[in-house]
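Source file: final33.pdb (PDB, C-alpha atoms, pLDDT in the B column)
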ATOM      1  CA  MET A 187      19.299   4.587 -14.658  1.00 84.00           C
ATOM      2  CA  ILE A 188      18.204   7.841 -13.035  1.00 86.00           C
ATOM      3  CA  GLU A 189      19.401  11.402 -13.349  1.00 92.00           C
ATOM      4  CA  LEU A 190      19.949  13.514 -10.246  1.00 91.00           C
ATOM      5  CA  THR A 191      20.671  17.188 -10.060  1.00 95.00           C
ATOM      6  CA  GLU A 192      24.176  18.246  -9.123  1.00 95.00           C
ATOM      7  CA  THR A 193      22.895  19.424  -5.739  1.00 96.00           C
ATOM      8  CA  GLN A 194      21.177  16.103  -5.067  1.00 95.00           C
ATOM      9  CA  THR A 195      24.269  14.143  -6.042  1.00 94.00           C
ATOM     10  CA  LYS A 196      26.537  16.289  -3.870  1.00 95.00           C
ATOM     11  CA  SER A 197      24.196  16.121  -0.858  1.00 95.00           C
ATOM     12  CA  LEU A 198      23.784  12.349  -1.166  1.00 94.00           C
ATOM     13  CA  SER A 199      27.533  11.873  -1.533  1.00 95.00           C
ATOM     14  CA  ILE A 200      28.163  13.856   1.647  1.00 96.00           C
ATOM     15  CA  LEU A 201      25.482  11.894   3.499  1.00 95.00           C
ATOM     16  CA  ALA A 202      26.829   8.568   2.213  1.00 95.00           C
ATOM     17  CA  GLU A 203      30.325   9.463   3.358  1.00 96.00           C
ATOM     18  CA  HIS A 204      29.049  10.612   6.746  1.00 95.00           C
ATOM     19  CA  GLU A 205      27.095   7.355   7.248  1.00 95.00           C
ATOM     20  CA  HIS A 206      29.849   5.142   5.756  1.00 95.00           C
ATOM     21  CA  ARG A 207      27.445   3.823   3.156  1.00 95.00           C
ATOM     22  CA  SER A 208      27.399   3.784  -0.620  1.00 94.00           C
ATOM     23  CA  LEU A 209      25.434   6.236  -2.717  1.00 93.00           C
ATOM     24  CA  ASN A 210      23.613   3.295  -4.311  1.00 93.00           C
ATOM     25  CA  GLU A 211      22.580   2.018  -0.891  1.00 94.00           C
ATOM     26  CA  LEU A 212      21.088   5.398   0.066  1.00 94.00           C
ATOM     27  CA  VAL A 213      19.165   5.645  -3.216  1.00 93.00           C
ATOM     28  CA  ARG A 214      17.793   2.076  -2.863  1.00 93.00           C
ATOM     29  CA  GLU A 215      16.695   2.845   0.700  1.00 94.00           C
ATOM     30  CA  ALA A 216      15.002   6.070  -0.403  1.00 93.00           C
ATOM     31  CA  ILE A 217      13.150   4.244  -3.181  1.00 92.00           C
ATOM     32  CA  ASN A 218      12.014   1.511  -0.773  1.00 92.00           C
ATOM     33  CA  ASP A 219      10.748   4.147   1.668  1.00 92.00           C
ATOM     34  CA  TYR A 220       8.851   5.876  -1.129  1.00 91.00           C
ATOM     35  CA  LEU A 221       7.274   2.626  -2.346  1.00 88.00           C
ATOM     36  CA  ASN A 222       6.266   1.646   1.195  1.00 87.00           C
ATOM     37  CA  HIS A 223       4.425   4.950   1.592  1.00 87.00           C
ATOM     38  CA  HIS A 224       2.824   4.881  -1.874  1.00 84.00           C
ATOM     39  CA  ARG A 225       1.272   1.455  -2.282  1.00 75.00           C
ATOM     40  CA  LEU A 226       0.486   0.140  -5.735  1.00 68.00           C
ATOM     41  CA  PRO A 227      -3.204  -0.376  -6.671  1.00 65.00           C
ATOM     42  CA  GLN A 228      -2.913  -4.194  -6.559  1.00 64.00           C
ATOM     43  CA  ASP A 229      -1.806  -3.903  -2.908  1.00 57.00           C
ATOM     44  CA  ARG A 230      -5.117  -2.226  -2.098  1.00 58.00           C
ATOM     45  CA  ASP A 231      -7.044  -5.094  -3.710  1.00 59.00           C
ATOM     46  CA  ALA A 232      -5.293  -7.539  -1.381  1.00 61.00           C
ATOM     47  CA  ALA A 233      -7.054  -5.845   1.546  1.00 59.00           C
ATOM     48  CA  PHE A 234     -10.342  -7.378   0.442  1.00 62.00           C
ATOM     49  CA  GLY A 235      -9.071 -10.861   1.296  1.00 65.00           C
ATOM     50  CA  LEU A 236     -11.540 -13.635   0.569  1.00 65.00           C
ATOM     51  CA  TRP A 237     -14.274 -11.213  -0.490  1.00 65.00           C
ATOM     52  CA  HIS A 238     -12.222 -10.276  -3.546  1.00 65.00           C
ATOM     53  CA  GLN A 239     -13.334 -13.473  -5.324  1.00 69.00           C
ATOM     54  CA  LYS A 240     -17.060 -13.102  -4.525  1.00 72.00           C
ATOM     55  CA  ARG A 241     -19.431 -11.929  -7.220  1.00 74.00           C
ATOM     56  CA  GLU A 242     -22.200 -10.985  -4.782  1.00 75.00           C
ATOM     57  CA  ASP A 243     -22.744  -7.310  -3.999  1.00 77.00           C
ATOM     58  CA  GLY A 244     -21.549  -6.466  -0.484  1.00 76.00           C
ATOM     59  CA  LEU A 245     -24.635  -4.418   0.397  1.00 82.00           C
ATOM     60  CA  ALA A 246     -27.019  -7.159  -0.763  1.00 84.00           C
ATOM     61  CA  TYR A 247     -25.090  -9.689   1.337  1.00 82.00           C
ATOM     62  CA  GLN A 248     -25.255  -7.402   4.375  1.00 83.00           C
ATOM     63  CA  GLU A 249     -29.012  -6.901   3.989  1.00 85.00           C
ATOM     64  CA  HIS A 250     -29.500 -10.654   3.662  1.00 83.00           C
ATOM     65  CA  LEU A 251     -27.601 -11.282   6.908  1.00 83.00           C
ATOM     66  CA  ARG A 252     -29.506  -8.579   8.758  1.00 85.00           C
ATOM     67  CA  SER A 253     -32.820  -9.962   7.561  1.00 85.00           C
ATOM     68  CA  GLU A 254     -31.986 -13.148   9.464  1.00 82.00           C
ATOM     69  CA  TRP A 255     -31.731 -11.170  12.712  1.00 82.00           C
ATOM     70  CA  CYS A 256     -35.319 -10.051  12.595  1.00 77.00           C
ATOM     71  CA  ASP A 257     -37.965 -12.571  11.573  1.00 62.00           C
ATOM     72  CA  GLU A 258     -40.953 -10.578  10.297  1.00 60.00           C
ATOM     73  CA  SER A 259     -43.397 -13.044  11.883  1.00 57.00           C
ATOM     74  CA  THR A 260     -42.156 -12.229  15.402  1.00 53.00           C
ATOM     75  CA  VAL A 261     -42.448  -8.446  15.032  1.00 50.00           C
TER
END

Exercise: express the given structure as structure tokens:
Amino acid sequence: MIELTETQTKSLSILAEHEHRSLNELVREAINDYLNHHRLPQDRDAAFGLWHQKREDGLAYQEHLRSEWCDESTV
């Protein structure tokens, strides 16, 4: 349950009537829009994909890979 100001309720009611939609539908849509623009922290963790499960430090892994590019004996 949420509480809206009288102005918010009146404005949403007018908009709902104009769009032939319910007040509840407009509020659900507004909440979905808000949540889509303000991702939860666990959504950010998903961006790490497979790396999320690794225990190795990313920088150490990068340096290890780059060390393979340049063999010290050929320099």

When you draw a straight line from CA of Thr195 (chain A) to CA of Glu211 (chain A), how long is it in Å?
13.3 Å

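Note that the spacing between CA of His206 (chain A) and CA of Asn222 (chain A) amounts to 24.3 Å.
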
Å distance separating CA of Ile200 (chain A) from CA of His223 (chain A), one decimal place:
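These two atoms are separated by 25.4 Å.
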
I need the residue set behind the PyMOL selection byres ((chain A and resi 187) around 12) for this file; please write it as an MDAnalysis selection string.
chainID A and resid 188:190 210 213
